[in-house]
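Student: Sharing start_25.cif, mmCIF, C-alpha atoms:
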```cif
data_my_file
#
loop_
_atom_site.label_atom_id
_atom_site.label_comp_id
_atom_site.auth_asym_id
_atom_site.auth_seq_id
_atom_site.Cartn_x
_atom_site.Cartn_y
_atom_site.Cartn_z
CA MET V 1 1.05 33.21 21.86
CA SER V 2 4.33 33.57 23.69
CA LEU V 3 7.28 31.68 22.29
CA LEU V 4 7.87 30.43 25.83
CA ASN V 5 4.66 28.41 25.56
CA MET V 6 5.57 26.76 22.25
CA PRO V 7 7.35 23.72 23.78
CA LEU V 8 4.28 23.01 25.94
CA LEU V 9 2.02 23.26 22.88
CA ILE V 10 4.25 20.87 20.94
CA GLN V 11 4.22 18.41 23.86
CA ASP V 12 0.42 18.64 24.14
CA THR V 13 0.02 18.06 20.40
CA ALA V 14 2.31 15.04 20.51
CA ALA V 15 0.41 13.61 23.48
CA ILE V 16 -2.94 14.10 21.73
CA GLU V 17 -1.70 12.47 18.54
CA GLY V 18 -0.30 9.58 20.59
CA ASP V 19 -3.66 9.06 22.29
CA MET V 20 -5.50 9.35 18.99
CA GLY V 21 -3.12 6.83 17.43
CA MET V 22 -3.81 4.35 20.22
CA LEU V 23 -7.57 4.91 19.81
CA TRP V 24 -7.29 4.39 16.04
CA MET V 25 -5.47 1.10 16.55
CA LEU V 26 -8.05 -0.10 19.08
CA ILE V 27 -10.99 0.80 16.82
CA SER V 28 -9.24 -0.81 13.86
CA GLY V 29 -8.53 -3.92 15.90
CA ILE V 30 -12.20 -4.13 16.89
CA LEU V 31 -13.15 -3.96 13.20
CA VAL V 32 -10.69 -6.77 12.42
CA PHE V 33 -12.09 -8.79 15.33
CA PHE V 34 -15.56 -8.44 13.78
CA MET V 35 -14.17 -9.96 10.57
CA GLN V 36 -14.45 -13.33 12.33
CA ALA V 37 -18.22 -12.98 11.99
CA GLY V 38 -17.73 -12.28 8.30
CA PHE V 39 -15.55 -15.33 7.82
CA PHE V 40 -18.14 -17.49 9.59
CA LEU V 41 -20.96 -16.26 7.34
CA VAL V 42 -18.91 -16.70 4.16
CA GLU V 43 -17.71 -20.18 5.09
CA SER V 44 -21.05 -21.48 6.33
CA GLY V 45 -23.02 -19.89 3.51
CA MET V 46 -20.78 -21.39 0.83
CA THR V 47 -20.95 -24.91 2.29
CA ASP V 48 -23.56 -27.47 3.34
CA SER V 49 -26.01 -26.59 6.11
CA LYS V 50 -25.16 -29.82 7.98
CA ASN V 51 -21.72 -28.34 8.81
CA ALA V 52 -22.74 -24.83 9.91
CA VAL V 53 -22.31 -25.48 13.64
CA ASN V 54 -18.88 -26.97 12.99
CA ILE V 55 -17.81 -23.85 11.11
CA ALA V 56 -19.17 -21.65 13.90
CA MET V 57 -17.19 -23.68 16.43
CA LYS V 58 -14.01 -23.35 14.37
CA ASN V 59 -14.33 -19.57 14.07
CA PHE V 60 -14.94 -19.19 17.79
CA LEU V 61 -11.98 -21.47 18.43
CA ASP V 62 -9.71 -19.38 16.20
CA ILE V 63 -10.30 -16.16 18.09
CA ALA V 64 -10.30 -17.82 21.52
CA VAL V 65 -7.20 -20.00 21.28
CA GLY V 66 -5.55 -17.53 18.90
CA SER V 67 -5.84 -14.73 21.45
CA LEU V 68 -4.27 -16.83 24.21
CA ALA V 69 -1.60 -18.50 22.06
CA PHE V 70 -0.51 -15.23 20.48
CA TRP V 71 -0.46 -13.46 23.85
CA PHE V 72 1.55 -16.23 25.50
CA ILE V 73 4.15 -16.91 22.82
CA GLY V 74 3.24 -15.62 19.33
CA TYR V 75 3.74 -11.90 19.90
CA SER V 76 7.17 -12.61 21.40
CA LEU V 77 8.20 -14.65 18.35
CA MET V 78 7.12 -11.81 16.10
CA TYR V 79 8.29 -8.71 17.98
CA GLY V 80 10.94 -9.90 20.42
CA ALA V 81 14.68 -9.32 20.04
CA ASP V 82 16.55 -10.93 17.15
CA VAL V 83 18.18 -14.00 18.71
CA SER V 84 19.29 -15.61 15.44
CA GLY V 85 21.66 -12.81 14.44
CA GLY V 86 20.18 -12.63 10.96
CA GLY V 87 16.59 -11.60 11.51
CA PHE V 88 15.19 -15.12 11.10
CA PHE V 89 14.05 -15.77 14.66
CA HIS V 90 12.91 -13.42 17.43
CA TRP V 91 12.14 -13.93 21.09
CA GLY V 92 11.29 -11.67 24.02
CA GLY V 93 10.05 -14.10 26.66
CA PHE V 94 6.61 -15.48 27.46
CA THR V 95 3.73 -12.93 27.53
CA PHE V 96 6.05 -10.34 26.00
CA SER V 97 4.27 -7.11 25.04
CA GLN V 98 5.05 -3.66 23.69
CA GLY V 99 1.72 -2.16 24.71
CA ALA V 100 -1.88 -3.31 25.02
CA ALA V 101 -3.12 -1.58 21.86
CA ASP V 102 -0.44 -3.12 19.66
CA LEU V 103 -0.80 -6.57 21.23
CA PHE V 104 -4.57 -6.55 20.67
CA PHE V 105 -4.24 -5.27 17.10
CA GLN V 106 -1.67 -7.91 16.19
CA THR V 107 -3.67 -10.65 17.94
CA VAL V 108 -6.69 -10.27 15.68
CA PHE V 109 -4.38 -10.46 12.65
CA ALA V 110 -3.10 -13.82 13.90
CA ALA V 111 -6.64 -15.13 14.29
CA THR V 112 -7.39 -14.08 10.71
CA ALA V 113 -4.50 -16.16 9.38
CA ALA V 114 -5.87 -19.24 11.17
CA THR V 115 -9.43 -18.71 9.99
CA ILE V 116 -8.35 -18.82 6.33
CA VAL V 117 -7.60 -22.53 6.72
CA SER V 118 -11.03 -23.26 8.21
CA GLY V 119 -13.01 -22.61 5.05
CA ALA V 120 -10.78 -24.57 2.70
CA ILE V 121 -11.15 -27.83 4.64
CA ALA V 122 -14.78 -27.42 5.65
CA GLY V 123 -17.06 -30.44 5.80
CA ARG V 124 -14.63 -33.30 6.39
CA THR V 125 -12.00 -32.43 9.01
CA LYS V 126 -11.82 -33.57 12.63
CA TYR V 127 -12.44 -30.74 15.06
CA THR V 128 -9.63 -31.95 17.32
CA THR V 129 -6.99 -31.86 14.61
CA TYR V 130 -8.18 -28.45 13.41
CA ALA V 131 -8.00 -27.10 16.97
CA ILE V 132 -4.40 -28.22 17.39
CA PHE V 133 -3.35 -26.78 14.04
CA SER V 134 -5.07 -23.47 14.81
CA ILE V 135 -2.92 -23.18 17.94
CA VAL V 136 0.25 -24.06 16.01
CA LEU V 137 -0.51 -21.52 13.29
CA THR V 138 -1.20 -18.61 15.65
CA ALA V 139 1.56 -19.47 18.12
CA LEU V 140 4.39 -20.49 15.78
CA ILE V 141 3.96 -20.50 11.99
CA TYR V 142 2.44 -17.05 11.52
CA PRO V 143 4.41 -15.04 14.11
CA ILE V 144 7.83 -16.40 13.14
CA ALA V 145 7.19 -15.37 9.54
CA GLY V 146 5.76 -12.00 10.60
CA GLY V 147 9.00 -11.05 12.33
CA TRP V 148 10.89 -11.38 9.04
CA GLU V 149 9.29 -8.13 7.86
CA TRP V 150 7.43 -6.34 10.63
CA ASN V 151 10.24 -6.57 13.17
CA GLY V 152 13.17 -5.56 11.00
CA GLY V 153 13.88 -9.16 10.03
CA TRP V 154 15.97 -10.58 7.21
CA LEU V 155 13.61 -9.32 4.48
CA ASN V 156 14.84 -5.83 5.36
CA ALA V 157 18.54 -6.77 5.41
CA GLU V 158 21.11 -4.71 3.52
CA TRP V 159 21.89 -7.57 1.15
CA MET V 160 18.31 -7.55 -0.17
CA PRO V 161 17.94 -5.79 -3.56
CA ALA V 162 15.47 -3.41 -1.89
CA GLU V 163 13.47 -3.26 1.32
CA PHE V 164 10.62 -5.76 1.14
CA ILE V 165 7.19 -4.10 1.51
CA ASP V 166 4.08 -5.73 2.96
CA PHE V 167 2.17 -2.88 4.58
CA ALA V 168 -0.73 -4.84 6.06
CA GLY V 169 0.00 -8.47 5.24
CA SER V 170 -0.88 -9.72 1.74
CA SER V 171 1.90 -12.27 2.20
CA ILE V 172 2.45 -12.25 5.96
CA VAL V 173 -1.19 -12.87 6.87
CA HIS V 174 -3.07 -13.92 3.75
CA SER V 175 -0.54 -15.92 1.79
CA VAL V 176 0.67 -17.71 4.91
CA GLY V 177 -2.94 -18.66 5.66
CA GLY V 178 -3.64 -19.47 2.01
CA TRP V 179 -0.62 -21.75 1.55
CA ALA V 180 -1.38 -23.46 4.87
CA ALA V 181 -4.90 -24.03 3.55
CA LEU V 182 -3.46 -25.52 0.36
CA VAL V 183 -1.47 -28.10 2.33
CA ALA V 184 -4.37 -28.86 4.65
CA ALA V 185 -6.89 -29.33 1.82
CA TRP V 186 -4.46 -31.56 -0.07
CA MET V 187 -3.74 -33.73 2.98
CA VAL V 188 -7.37 -34.00 4.11
CA GLY V 189 -8.60 -34.85 0.62
CA PRO V 190 -11.76 -33.82 -1.25
CA ARG V 191 -15.31 -34.00 0.06
CA ILE V 192 -17.35 -37.05 -0.90
CA GLY V 193 -18.85 -36.44 -4.34
CA LYS V 194 -16.61 -33.50 -5.23
CA PHE V 195 -14.95 -35.28 -8.16
CA LEU V 196 -16.68 -37.56 -10.68
CA ASN V 197 -14.40 -39.37 -13.11
CA GLY V 198 -11.69 -36.87 -12.24
CA LYS V 199 -13.84 -33.82 -13.00
CA PRO V 200 -14.87 -31.37 -10.26
CA ILE V 201 -18.57 -31.17 -9.44
CA GLU V 202 -19.92 -27.84 -8.22
CA MET V 203 -21.20 -28.21 -4.66
CA HIS V 204 -23.49 -25.27 -3.99
CA GLY V 205 -23.49 -23.56 -0.63
CA HIS V 206 -26.69 -23.65 1.39
CA ASN V 207 -27.15 -19.91 1.87
CA GLN V 208 -25.64 -17.38 -0.51
CA MET V 209 -27.28 -14.55 1.44
CA TYR V 210 -25.11 -15.48 4.44
CA ALA V 211 -22.07 -15.45 2.19
CA THR V 212 -22.99 -12.04 0.78
CA LEU V 213 -23.51 -10.53 4.23
CA GLY V 214 -20.21 -12.08 5.30
CA VAL V 215 -18.33 -10.39 2.46
CA PHE V 216 -19.88 -7.03 3.34
CA ILE V 217 -18.67 -7.51 6.93
CA LEU V 218 -15.20 -8.46 5.74
CA TRP V 219 -15.11 -5.46 3.40
CA LEU V 220 -15.97 -3.19 6.34
CA GLY V 221 -13.45 -4.88 8.62
CA TRP V 222 -10.72 -4.49 6.03
CA PHE V 223 -10.79 -0.72 6.53
CA GLY V 224 -9.46 -1.44 10.02
CA PHE V 225 -7.16 -4.20 8.76
CA ASN V 226 -5.37 -1.91 6.30
CA GLY V 227 -6.06 1.52 7.75
CA GLY V 228 -5.05 0.48 11.25
CA SER V 229 -1.73 -0.78 9.92
CA GLN V 230 -0.64 2.85 9.69
CA LEU V 231 -0.26 2.33 13.48
CA ALA V 232 -0.76 6.03 14.16
CA TRP V 233 -3.21 8.89 13.72
CA GLY V 234 -2.76 12.63 13.52
CA GLY V 235 -1.19 15.01 11.02
CA ASP V 236 0.50 13.18 8.16
CA ASP V 237 -0.47 9.81 9.66
CA ALA V 238 -4.16 10.72 9.53
CA THR V 239 -3.80 11.69 5.89
CA ALA V 240 -1.92 8.49 5.09
CA ALA V 241 -4.42 6.26 6.91
CA SER V 242 -7.32 7.93 5.13
CA GLN V 243 -5.64 7.31 1.78
CA VAL V 244 -5.09 3.67 2.74
CA VAL V 245 -8.82 3.26 3.45
CA LEU V 246 -9.68 4.90 0.12
CA VAL V 247 -7.45 2.68 -2.03
CA THR V 248 -8.65 -0.37 -0.09
CA ASN V 249 -12.23 0.39 -1.04
CA LEU V 250 -11.32 1.06 -4.68
CA ALA V 251 -9.44 -2.23 -5.03
CA ALA V 252 -12.31 -4.21 -3.49
CA ALA V 253 -14.83 -2.61 -5.85
CA ALA V 254 -12.57 -3.28 -8.84
CA GLY V 255 -12.05 -6.91 -7.84
CA ALA V 256 -15.79 -7.51 -7.49
CA LEU V 257 -16.54 -5.89 -10.84
CA SER V 258 -13.83 -7.71 -12.79
CA ALA V 259 -14.88 -11.11 -11.38
CA LEU V 260 -18.51 -10.32 -12.15
CA LEU V 261 -17.80 -9.31 -15.75
CA PHE V 262 -15.30 -12.10 -16.35
CA THR V 263 -17.70 -14.84 -15.24
CA TRP V 264 -20.56 -13.15 -17.12
CA ILE V 265 -18.61 -13.20 -20.36
CA LYS V 266 -17.18 -16.66 -19.73
CA ASN V 267 -20.35 -18.44 -18.61
CA GLY V 268 -23.13 -16.27 -19.99
CA LYS V 269 -24.40 -15.27 -16.54
CA PRO V 270 -22.93 -13.21 -13.67
CA ASN V 271 -21.98 -15.51 -10.79
CA LEU V 272 -22.56 -14.38 -7.21
CA SER V 273 -20.02 -16.58 -5.43
CA MET V 274 -17.27 -15.61 -7.88
CA THR V 275 -18.21 -11.94 -7.52
CA LEU V 276 -17.95 -12.25 -3.74
CA ASN V 277 -14.55 -13.93 -4.04
CA GLY V 278 -13.53 -11.23 -6.51
CA ALA V 279 -14.23 -8.54 -3.92
CA LEU V 280 -12.16 -10.45 -1.35
CA ALA V 281 -9.37 -10.94 -3.89
CA GLY V 282 -9.37 -7.20 -4.55
CA LEU V 283 -9.02 -6.56 -0.83
CA VAL V 284 -6.16 -9.04 -0.50
CA SER V 285 -4.52 -7.63 -3.64
CA ILE V 286 -4.21 -4.16 -2.09
CA THR V 287 -3.29 -5.21 1.45
CA ALA V 288 0.48 -5.26 0.89
CA GLY V 289 0.61 -2.10 -1.20
CA CYS V 290 -2.13 0.04 0.35
CA GLY V 291 0.53 2.45 1.61
CA ASN V 292 2.45 2.39 -1.69
CA MET V 293 -0.19 2.57 -4.38
CA SER V 294 -1.92 5.37 -6.26
CA GLU V 295 -5.68 5.29 -6.62
CA GLY V 296 -5.41 4.20 -10.25
CA GLY V 297 -2.82 1.58 -9.32
CA ALA V 298 -5.14 0.20 -6.64
CA VAL V 299 -8.00 -0.12 -9.13
CA LEU V 300 -5.77 -1.96 -11.59
CA ALA V 301 -4.43 -4.27 -8.88
CA GLY V 302 -7.98 -5.11 -7.82
CA LEU V 303 -9.19 -5.64 -11.40
CA ILE V 304 -6.44 -8.15 -12.09
CA GLY V 305 -6.88 -9.78 -8.68
CA GLY V 306 -10.57 -10.38 -9.39
CA ILE V 307 -9.79 -12.18 -12.65
CA LEU V 308 -6.89 -14.11 -11.14
CA VAL V 309 -9.07 -15.55 -8.39
CA VAL V 310 -11.62 -16.90 -10.88
CA LEU V 311 -8.88 -18.55 -12.95
CA SER V 312 -7.10 -19.85 -9.86
CA ILE V 313 -10.20 -21.45 -8.34
CA GLY V 314 -10.73 -23.37 -11.59
CA PHE V 315 -7.06 -24.37 -11.74
CA VAL V 316 -6.95 -25.63 -8.15
CA GLU V 317 -10.00 -27.81 -8.74
CA SER V 318 -9.47 -28.99 -12.33
CA LYS V 319 -5.68 -29.33 -12.49
CA LEU V 320 -4.49 -29.83 -8.91
CA LYS V 321 -7.58 -31.85 -7.95
CA ILE V 322 -7.71 -30.10 -4.59
CA ASP V 323 -11.09 -29.41 -3.00
CA ASP V 324 -11.15 -25.92 -1.51
CA ALA V 325 -14.69 -25.49 -0.23
CA VAL V 326 -14.71 -21.67 -0.33
CA GLY V 327 -11.83 -20.68 -2.62
CA ALA V 328 -9.56 -19.67 0.27
CA ILE V 329 -6.37 -20.86 -1.43
CA SER V 330 -7.01 -18.62 -4.41
CA VAL V 331 -8.42 -15.63 -2.53
CA HIS V 332 -5.69 -15.50 0.09
CA GLY V 333 -2.73 -17.45 -1.29
CA VAL V 334 -2.75 -16.49 -4.97
CA ALA V 335 -4.19 -12.99 -4.57
CA GLY V 336 -1.85 -12.45 -1.62
CA ALA V 337 1.15 -13.26 -3.78
CA TRP V 338 -0.17 -10.99 -6.53
CA GLY V 339 -0.79 -8.14 -4.09
CA THR V 340 2.80 -8.42 -2.88
CA LEU V 341 4.34 -8.55 -6.35
CA VAL V 342 2.31 -5.67 -7.79
CA ILE V 343 4.26 -3.21 -5.62
CA GLY V 344 7.30 -4.03 -7.74
CA LEU V 345 5.32 -3.36 -10.91
CA TRP V 346 3.71 0.03 -10.27
CA GLY V 347 4.21 0.81 -6.58
CA ILE V 348 5.08 4.31 -5.38
CA ASP V 349 6.89 5.85 -2.43
CA GLY V 350 5.49 9.31 -1.99
CA ASP V 351 5.93 11.02 -5.36
CA ALA V 352 8.62 8.59 -6.52
CA GLY V 353 7.97 5.44 -8.49
CA ILE V 354 9.44 2.22 -7.11
CA GLY V 355 7.81 -0.18 -9.58
CA ILE V 356 9.40 -1.05 -12.91
CA LEU V 357 6.49 0.40 -14.91
CA ASN V 358 6.93 3.85 -13.41
CA GLY V 359 10.69 4.10 -13.54
CA GLY V 360 11.65 2.30 -10.36
CA GLY V 361 13.83 -0.43 -11.84
CA VAL V 362 13.76 -4.15 -11.05
CA SER V 363 15.14 -4.08 -7.51
CA GLN V 364 11.78 -3.64 -5.79
CA LEU V 365 10.17 -6.40 -7.85
CA ALA V 366 13.07 -8.71 -7.00
CA ALA V 367 12.65 -7.98 -3.28
CA GLN V 368 8.92 -8.60 -3.48
CA ALA V 369 9.46 -11.89 -5.33
CA ILE V 370 11.94 -13.08 -2.70
CA GLY V 371 9.37 -12.36 0.01
CA VAL V 372 6.57 -14.12 -1.88
CA VAL V 373 8.68 -17.25 -2.34
CA ALA V 374 9.96 -17.19 1.25
CA TYR V 375 6.48 -17.00 2.76
CA ALA V 376 5.15 -19.70 0.44
CA VAL V 377 8.00 -22.10 1.21
CA TRP V 378 7.78 -21.48 4.95
CA ALA V 379 4.01 -21.84 5.19
CA ILE V 380 3.88 -24.96 2.99
CA ALA V 381 6.80 -26.72 4.68
CA ALA V 382 5.82 -25.84 8.25
CA SER V 383 2.18 -26.75 7.66
CA TRP V 384 3.10 -30.11 6.15
CA VAL V 385 5.40 -30.96 9.07
CA PHE V 386 2.91 -30.02 11.78
CA LEU V 387 -0.12 -31.53 10.04
CA THR V 388 1.80 -34.77 9.53
CA ILE V 389 2.62 -34.90 13.24
CA ILE V 390 -0.95 -34.03 14.21
CA SER V 391 -2.32 -36.68 11.85
CA LYS V 392 -0.14 -39.40 13.35
CA CYS V 393 -0.99 -38.39 16.91
CA CYS V 394 -4.73 -38.05 16.34
CA GLY V 395 -5.39 -41.00 14.05
CA GLY V 396 -5.74 -38.94 10.89
CA LEU V 397 -7.04 -35.53 9.92
CA ARG V 398 -10.37 -36.60 8.49
CA VAL V 399 -13.66 -37.84 9.92
CA THR V 400 -15.08 -41.17 8.77
CA GLU V 401 -17.23 -41.46 5.65
CA ALA V 402 -20.34 -42.06 7.76
CA GLU V 403 -19.62 -38.99 9.89
CA GLU V 404 -19.07 -36.83 6.83
CA ILE V 405 -22.33 -37.97 5.25
CA ALA V 406 -24.25 -37.34 8.47
CA GLY V 407 -22.66 -33.91 8.80
CA LEU V 408 -20.07 -32.61 11.22
CA ASP V 409 -22.68 -30.77 13.26
CA ILE V 410 -24.07 -34.09 14.48
CA SER V 411 -20.95 -36.25 14.39
CA GLU V 412 -18.52 -33.75 15.91
CA HIS V 413 -20.74 -31.58 18.11
CA GLY V 414 -24.03 -33.40 18.65
CA SER V 415 -25.92 -30.35 17.49
CA ILE V 416 -27.67 -28.97 14.41
CA ALA V 417 -27.89 -25.45 13.02
CA TYR V 418 -31.43 -25.62 11.67
CA ALA V 419 -33.62 -27.73 13.93
CA GLY V 420 -36.79 -27.09 11.96
CA LYS V 421 -35.23 -28.29 8.72
CA ARG V 422 -33.80 -31.46 10.28
CA GLN V 423 -37.11 -32.21 12.00
CA ARG V 424 -38.94 -31.98 8.66
CA GLU V 425 -36.38 -34.33 7.12
CA ILE V 426 -36.95 -36.86 9.92
CA GLU V 427 -40.74 -36.64 9.54
#
```
Is it possible to express this structure as C-alpha cells?
Tutor:
Amino acid sequence: MSLLNMPLLIQDTAAIEGDMGMLWMLISGILVFFMQAGFFLVESGMTDSKNAVNIAMKNFLDIAVGSLAFWFIGYSLMYGADVSGGGFFHWGGFTFSQGAADLFFQTVFAATAATIVSGAIAGRTKYTTYAIFSIVLTALIYPIAGGWEWNGGWLNAEWMPAEFIDFAGSSIVHSVGGWAALVAAWMVGPRIGKFLNGKPIEMHGHNQMYATLGVFILWLGWFGFNGGSQLAWGGDDATAASQVVLVTNLAAAAGALSALLFTWIKNGKPNLSMTLNGALAGLVSITAGCGNMSEGGAVLAGLIGGILVVLSIGFVESKLKIDDAVGAISVHGVAGAWGTLVIGLWGIDGDAGIGILNGGGVSQLAAQAIGVVAYAVWAIAASWVFLTIISKCCGGLRVTEAEEIAGLDISEHGSIAYAGKRQREIE
C-alpha cells in the first residue's frame, strides 16, 4: 500500500470505529431499556398479586415520563456547561443534546434510577404522588448529581485527593435511587401487617418465578448498562468494553453464590429471594469499578456485596423499622456505596494499583468516600424536600387503609392482574 493512501485509511478506520461506537451505545441502551421489564417482574413477583397492575403502571410511567423529562431538562442539567463555577450545577438550555445515541443511552439510565424507588414503596403509595416524584427524580435529582462526575464536575476538581471514579453509576444511578427509596419508604410507612409487636413479618411475594425471570433480564441488561458505559467500540475500546462485560458477569455470579451460601448456613435452607437480591447486589457492586477492577477483584467485590445485601435487608427491617418491599434500599443504596468504595480498596488503573491493598495509598479511597457521602446526602435531602412538598399538595403520599387492603390494582386503576383468580375469590 502506498504511503500516500495511509491518511485515507486512518480516516476510514476512525469513521468505522465511530459508527461502531454509536451502534454499541444504541444496542447497550436498548438492553438497558429492556431492564424495565426486569424491574417490573422482580417488583411484582416479590409483592402481592393485588398490586401487580399498579407496579406495571409505575414501570411504564418511569420510562415514559422519564424519557420526556430527561430529554426536556435532565440531560441539560447533567451535560450542559458549568454555570456554578465549581462544577456543582450545569445547564445547556431546554432540549439540549450532544447526539441522539448519547441522549438515548443516558435517558434509560435516568429511568432506572426512578424505578428503584417503585419497588421499595410498593403496595401502599398513591399513584399520583409517585408519578410526580418520578418526574422530579429524572428531571432534577438524578441529573444534577450525575453532572458532578460525568460532566467534569466538582468530584473531579483538583482539590480532591484523587479523581472520583464511578464508571457506570454505582453511586450516581443506584445509590441515588436507593437513598431516595429509603426516604420514600420511611415517609410512606410500612404495609399493613408488616410489623407485629415491633418485629418484622415476612410478606411473601405472589410469584417467585416472575422475580427469577426478572433478575435474569436485569442480569442480561446489565451487560449493556456497564459495557455501554465505555461509550465507544473499536480497538482498545472494544477490548475494554469486553473486559467490562466479563467482570460484570463474574461479580453477579459471585453475589448470587455468596447470598445463597450465607442464607443456607444462617437459616438451614438456601433462600431464593435472597439469592436473587445477591445477584443484583453483585451487579451493583461492580458497576462503579467495572473499568477499574481485575477479574479476581470483581469476584471478591461481588462476594462481599452478596453478603452485605442479606445483612442490610435484615437491618433495615429489624433496626430501622422501614418496610422495603423488595430490598431496593439494600440492593441499590448499600451495595451501590460498597461498589463505589471498593475501588479505593483494590481498584486498578491499567497495570497500576490505585487501591490501598495493592499499593495505591489512601487518596483514592478518600475520594470514593467523599463521593459516596455526597450522593447519599444529596439524594436523601432532595428526596425529603420534594416528597414533603408533594405530600402537602396531594393530601399525603399513602392510600387509605381500605384501599390498601383492597389492593392498588382496584383502588388506583380499577383493574386486576389475574381476573380468573379474583373471580374465584368472589364466587
Student: Given the PyMOL selection byres ((chain V and resi 24) around 8) and the file above, list the residues it selects as a ChimeraX atom specification.
Tutor: /V:20-23,25-28,228,231-233
Student: V:Val42, V:Ile201, V:Leu397, V:Val32: which is nearest Gln106 (chain V), counting all atoms listed in the file?
Tutor: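 Ranking V:Val42, V:Ile201, V:Leu397, V:Val32 by distance to Gln106 (chain V), first place goes to V:Val32.
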Student: List as an mmCIF file with C-alpha atoms, in the coordinates of the input the protein and nucleic acid residues near region 379-385 of chain V, meaning an atom at most 8 Å away when all atoms listed in the file are counted, but skip any in the same chain fewer than 2 places from it.
Tutor:
```
data_model
loop_
_atom_site.group_PDB
_atom_site.id
_atom_site.type_symbol
_atom_site.label_atom_id
_atom_site.label_comp_id
_atom_site.auth_asym_id
_atom_site.auth_seq_id
_atom_site.Cartn_x
_atom_site.Cartn_y
_atom_site.Cartn_z
ATOM 1 C CA ILE V 141 3.960 -20.500 11.990
ATOM 2 C CA VAL V 176 0.670 -17.710 4.910
ATOM 3 C CA GLY V 177 -2.940 -18.660 5.660
ATOM 4 C CA TRP V 179 -0.620 -21.750 1.550
ATOM 5 C CA ALA V 180 -1.380 -23.460 4.870
ATOM 6 C CA LEU V 182 -3.460 -25.520 0.360
ATOM 7 C CA VAL V 183 -1.470 -28.100 2.330
ATOM 8 C CA ALA V 184 -4.370 -28.860 4.650
ATOM 9 C CA TYR V 375 6.480 -17.000 2.760
ATOM 10 C CA ALA V 376 5.150 -19.700 0.440
ATOM 11 C CA VAL V 377 8.000 -22.100 1.210
ATOM 12 C CA LEU V 387 -0.120 -31.530 10.040
ATOM 13 C CA THR V 388 1.800 -34.770 9.530
ATOM 14 C CA ILE V 389 2.620 -34.900 13.240
#
```
Student: Given the file above and the PyMOL selection byres ((chain V and resi 154) around 12), which residues are selected, and can you give them as a PyMOL selection string?
Tutor: chain V and resi 82+84-90+144-153+155-164+367+370-371+374
Student: Keeping only C-alpha atoms, write those residues as a compact mmCIF listing (two decimals), in the frame of the given file.
Tutor:
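As written to disk, result30.txt reads:
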```txt
# COMPACT_ATOMS: atom_id res chain seq x y z
CA ASP V 82 16.55 -10.93 17.15
CA SER V 84 19.29 -15.61 15.44
CA GLY V 85 21.66 -12.81 14.44
CA GLY V 86 20.18 -12.63 10.96
CA GLY V 87 16.59 -11.60 11.51
CA PHE V 88 15.19 -15.12 11.10
CA PHE V 89 14.05 -15.77 14.66
CA HIS V 90 12.91 -13.42 17.43
CA ILE V 144 7.83 -16.40 13.14
CA ALA V 145 7.19 -15.37 9.54
CA GLY V 146 5.76 -12.00 10.60
CA GLY V 147 9.00 -11.05 12.33
CA TRP V 148 10.89 -11.38 9.04
CA GLU V 149 9.29 -8.13 7.86
CA TRP V 150 7.43 -6.34 10.63
CA ASN V 151 10.24 -6.57 13.17
CA GLY V 152 13.17 -5.56 11.00
CA GLY V 153 13.88 -9.16 10.03
CA LEU V 155 13.61 -9.32 4.48
CA ASN V 156 14.84 -5.83 5.36
CA ALA V 157 18.54 -6.77 5.41
CA GLU V 158 21.11 -4.71 3.52
CA TRP V 159 21.89 -7.57 1.15
CA MET V 160 18.31 -7.55 -0.17
CA PRO V 161 17.94 -5.79 -3.56
CA ALA V 162 15.47 -3.41 -1.89
CA GLU V 163 13.47 -3.26 1.32
CA PHE V 164 10.62 -5.76 1.14
CA ALA V 367 12.65 -7.98 -3.28
CA ILE V 370 11.94 -13.08 -2.70
CA GLY V 371 9.37 -12.36 0.01
CA ALA V 374 9.96 -17.19 1.25
```
Student: Within 8 Å of region 275-285 of chain V, which residues of region 172-253 of chain V come that close, and what is the closest atom pair and distance in Å for each? Count only C-alpha atoms and give it as CSV.
Tutor:
```
residue,atom,partner,partner_atom,distance
V:His174,CA,V:Val284,CA,7.2
V:Ala211,CA,V:Leu276,CA,7.9
V:Thr212,CA,V:Leu276,CA,6.8
V:Val215,CA,V:Leu276,CA,6.5
V:Leu218,CA,V:Leu280,CA,8.0
V:Trp219,CA,V:Leu280,CA,7.5
V:Trp222,CA,V:Leu283,CA,7.4
V:Thr248,CA,V:Leu283,CA,6.2
V:Asn249,CA,V:Leu283,CA,7.7
V:Ala251,CA,V:Gly282,CA,5.0
V:Ala252,CA,V:Gly282,CA,4.3
V:Ala253,CA,V:Ala279,CA,6.3
```
Student: Given the file shown, determine the residues that the PyMOL selection byres ((chain V and resi 396) around 10) selects; report them as a ChimeraX atom specification.
Tutor: /V:125-126,129,187-188,387-395,397-400
Student: Would you please work out which residue, of V:Thr128, V:Asn51, V:Asn59, V:Ser170, is nearest to Gly38 (chain V) when using only C-alpha atoms?
Tutor: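 Under the stated criterion, the closest residue is V:Asn59.
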Student: If I take CA of Thr112 (chain V) and CA of Asp237 (chain V), how far is one from the other in Å, to one decimal?
Tutor: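 That distance, rounded to one decimal, is 24.9 Å.
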Student: Using all atoms listed in the file for the distances, tell me which of V:Ala417, V:Asp166, V:Asp409, V:Gln243 is nearest to Trp338 (chain V).
Tutor: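 Of all the options, V:Asp166 lies closest to Trp338 (chain V).
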Student: Mind pulling up the distance from CA of Leu341 (chain V) to CA of Ile322 (chain V)?
Tutor: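 Interatomic distance, CA of Ile322 (chain V) to CA of Leu341 (chain V): 24.8 Å.
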Student: Choose the residue, out of V:Trp264, V:Phe33, V:Phe216, V:Phe96, that has the smallest atom-to-atom separation from Gly66 (chain V); count only C-alpha atoms.
Tutor: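 The shortest atom-to-atom distance to Gly66 (chain V) comes from V:Phe33.
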